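Below is one structure; the comments refer to it alone.
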Amino acid sequence: MKQLQVKSIRSLARGLEVLQLLQTSGALTLHDLHRLSGIPKPSLLRILKTLREQGVVWQRMVDDAYVPSYSLTELAGRMDRESELTEVASPVLAQLADAVKWPSVLAVPRLTHMEVIETSASRAYIDNMPLGPVGFRVNMLRSASGRAFLAWCEAPIREAILDRLRRSDNPGDRLARSADYVARALDETRAAGYGLRDPDFGGDFDEPRARIDDKRDSLGVAIRLGQHVPGTINITWSRRAFTRERAIAVFAKPAMEAAEEIARRLARPDPVSQGETPQGA
């Protein structure tokens with residue numbers, strides 16, 4: 001690995017050291033931090049002030065101890081859950097790509113949109129269809145993945161998403177203001193068992209198909225753990241190769257089976273936590 005010839009930032013290193021001490025210990029006073037780190041108290045106060053302003057630590061009243069913010073725990077928990085989802089889903093997406101030859105993505109909700117966290121594009125037989133990379137934002141209400149998520153996610157989450165979309169200034173979210181449009185889209189998705197792109201959706205977040213058209217279509221399926229939907233998978237194909245009706249006949253069943261398999265693997269209990277003896281122990 002090439003070593004970059006640059007200097008490290010000592011103040012940043014000190015700040016990270018303080019944050020690591022707090023995360024490890026749960027709560028520490030200024031004196032505790034000084035004793036454990038050896039950092040002078042005036043420097044510690046500047047570091048702690050910066051961390052508080054950034055919302056990653058807070059100071060409780062009972063003993064003036066500094067405590068890591070719950071937001072760090074929430075972020076770590078979300079990252080852990082998404083890492084587990086990706087690890088479980090990735091081989092299933094690879095098998096799906098091998099079976100249907102067309103690529104798919106794994107996407108998770110980000111309140112106002114879906115975000116790609118894995119794709120099987122590199123494994124698909126059709127190699128001239130690059131999909132959105134990891135981190136790619138997908139329209140929530142107009143995409144197949146977004147509709148699949150909205151159709152089966154918990155009702156409070158759905159209402160929070162739709163409320164945010166109704167107040168959005170993004171042109172691609174304006175249809176959320178039509179209650180009839182939303183109800184029809186979600187009813188059709190639930191009746192079919194999968195989501196399909198809005199006919200006017202050409203892959204761009206905001207622009208209509210008449211202006212930006214990727215010449216593709218998609219079918220999205222929710223990964224359902226009871227009432228909880230951690231994410232969705234989809235299959236994307238070229239409209240030149242398949243009509244929508246033909247694609248549904250070919251892809252719907254494999255996509256739904258893949259989503260069910262991911263859900264089964266996520267729900268499978270850990271044998272150690274259940275008191276069972278692992279094989280080979």
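By convention in this document, the chains of the structure tokens carry letters A, B, ... by their order, each chain's residues are numbered from 1, and ligands are numbered from 1 in the order they are shown.
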**Message:** List as an MDAnalysis selection string the protein and nucleic acid residues near A:Arg164, meaning an atom at most 9 Å away when only C-alpha atoms are counted, but skip any in the same chain fewer than 5 places from it.
**Reply:** chainID A and resid 111:112 159
**Request:** Find the spatial neighbours of A:Leu225, counting only C-alpha atoms, within a cut-off of 10 Å - ignore same-chain residues fewer than 5 positions away - and output them as JSON, numbers by chain.
**Result:** {"A": [153, 230, 260, 262, 263, 264, 266, 267]}
**Item:** Pick from A:Val92, A:Ile47, A:Gln227, A:Lys7, whichever lies nearest to A:Pro156 using only C-alpha atoms
**Value:**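 Closest residue, counting only C-alpha atoms: A:Gln227.
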**Request:** Please identify all polymer residues within 12 Å of A:Glu257, counting only C-alpha atoms, omitting same-chain residues fewer than 6 positions from it, and present them as a count of residues only.
**Result:** 16
**Item:** Every residue of stretch 197-256 of chain A that DSSP places in strand (DSSP E or B), as a PyMOL selection string
**Value:** chain A and resi 201+208+216-225+228-238
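Going from atom CA of A:Ala185 over to atom CA of A:Ser145, you cover 12.4 Å.
When only C-alpha atoms are used to compute distances to A:Arg147, the closest of the residues A:Ala121, A:Ser178, A:Arg190, A:Arg167 turns out to be A:Arg190.
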**Item:** Proximity to A:Ser69 - best of A:Leu51, A:Ala148, A:Leu45, A:Ala191, only C-alpha atoms
**Value:**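 Closest candidate: A:Leu51.
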**Request:** Can you work out the spacing between atom CA of A:Ala183 and atom CA of A:Met114 in Å, to one decimal?
**Result:**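 Interatomic distance, atom CA of A:Ala183 to atom CA of A:Met114: 19.3 Å.
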**Prompt:** Excluding same-chain residues fewer than 5 positions from A:Pro40, what lies within 12 Å of it counting only C-alpha atoms, as a list in words?
**Reply:** Arg14, Val18, Leu30, His31, Asp32, Leu33, His34, Arg35, Leu45, Arg46 and Ile47 of chain A
**Prompt:** Can you list, as a VMD selection string, every protein, DNA or RNA residue that comes within 12 Å of A:Leu165 when you count only C-alpha atoms, leaving out same-chain residues fewer than 2 positions away?
**Reply:** chain A and resid 110 to 113 139 to 142 158 to 163 167 to 179 182
How would the residues just chosen look if you wrote them out with N, CA and C atoms as a compact mmCIF listing (two decimals), in the first residue's frame?
```txt
# COMPACT_ATOMS: atom_id res chain seq x y z
N ARG A 110 -34.17 5.98 2.96
CA ARG A 110 -33.54 7.14 3.58
C ARG A 110 -34.58 8.24 3.78
N LEU A 111 -35.76 7.90 4.20
CA LEU A 111 -36.91 8.77 4.46
C LEU A 111 -37.49 9.36 3.19
N THR A 112 -36.71 10.18 2.46
CA THR A 112 -37.26 10.81 1.26
C THR A 112 -36.88 10.09 -0.02
N HIS A 113 -36.04 9.06 0.07
CA HIS A 113 -35.61 8.34 -1.13
C HIS A 113 -35.08 6.97 -0.72
N ASN A 139 -35.64 7.65 -6.54
CA ASN A 139 -36.90 8.31 -6.21
C ASN A 139 -37.82 7.35 -5.45
N MET A 140 -38.41 7.82 -4.38
CA MET A 140 -39.21 6.96 -3.51
C MET A 140 -40.55 6.57 -4.13
N LEU A 141 -41.26 7.52 -4.69
CA LEU A 141 -42.63 7.25 -5.11
C LEU A 141 -42.75 6.80 -6.56
N ARG A 142 -41.76 7.11 -7.40
CA ARG A 142 -41.86 6.80 -8.82
C ARG A 142 -41.10 5.55 -9.22
N ARG A 158 -44.55 4.88 6.74
CA ARG A 158 -45.11 5.30 5.45
C ARG A 158 -45.65 6.72 5.55
N GLU A 159 -46.39 7.01 6.61
CA GLU A 159 -46.99 8.33 6.75
C GLU A 159 -45.92 9.40 6.93
N ALA A 160 -44.85 9.07 7.67
CA ALA A 160 -43.77 10.04 7.84
C ALA A 160 -43.09 10.34 6.51
N ILE A 161 -42.87 9.30 5.71
CA ILE A 161 -42.25 9.48 4.39
C ILE A 161 -43.15 10.33 3.49
N LEU A 162 -44.43 9.98 3.42
CA LEU A 162 -45.34 10.70 2.53
C LEU A 162 -45.50 12.15 2.97
N ASP A 163 -45.51 12.38 4.29
CA ASP A 163 -45.61 13.75 4.77
C ASP A 163 -44.40 14.57 4.33
N ARG A 167 -44.14 17.78 1.36
CA ARG A 167 -43.56 19.10 1.64
C ARG A 167 -42.26 19.35 0.88
N SER A 168 -41.86 18.37 0.06
CA SER A 168 -40.61 18.49 -0.69
C SER A 168 -40.74 19.48 -1.85
N ASP A 169 -39.63 20.16 -2.14
CA ASP A 169 -39.59 21.06 -3.29
C ASP A 169 -39.05 20.37 -4.54
N ASN A 170 -38.65 19.10 -4.42
CA ASN A 170 -38.11 18.39 -5.58
C ASN A 170 -39.23 18.10 -6.58
N PRO A 171 -39.02 18.41 -7.85
CA PRO A 171 -40.05 18.12 -8.86
C PRO A 171 -40.44 16.64 -8.88
N GLY A 172 -39.49 15.76 -8.61
CA GLY A 172 -39.77 14.33 -8.65
C GLY A 172 -40.66 13.84 -7.53
N ASP A 173 -40.91 14.69 -6.52
CA ASP A 173 -41.74 14.29 -5.38
C ASP A 173 -43.15 14.88 -5.43
N ARG A 174 -43.44 15.68 -6.45
CA ARG A 174 -44.70 16.43 -6.45
C ARG A 174 -45.93 15.53 -6.46
N LEU A 175 -45.81 14.30 -7.03
CA LEU A 175 -46.98 13.43 -7.10
C LEU A 175 -47.43 12.95 -5.72
N ALA A 176 -46.59 13.11 -4.71
CA ALA A 176 -46.99 12.73 -3.35
C ALA A 176 -48.14 13.59 -2.85
N ARG A 177 -48.36 14.73 -3.48
CA ARG A 177 -49.44 15.62 -3.05
C ARG A 177 -50.81 15.14 -3.54
N SER A 178 -50.80 14.16 -4.43
CA SER A 178 -52.07 13.60 -4.93
C SER A 178 -52.38 12.32 -4.15
N ALA A 179 -53.35 12.41 -3.26
CA ALA A 179 -53.73 11.25 -2.44
C ALA A 179 -54.23 10.11 -3.32
N VAL A 182 -51.18 8.32 -4.96
CA VAL A 182 -50.44 7.49 -3.99
C VAL A 182 -51.24 6.23 -3.67
```
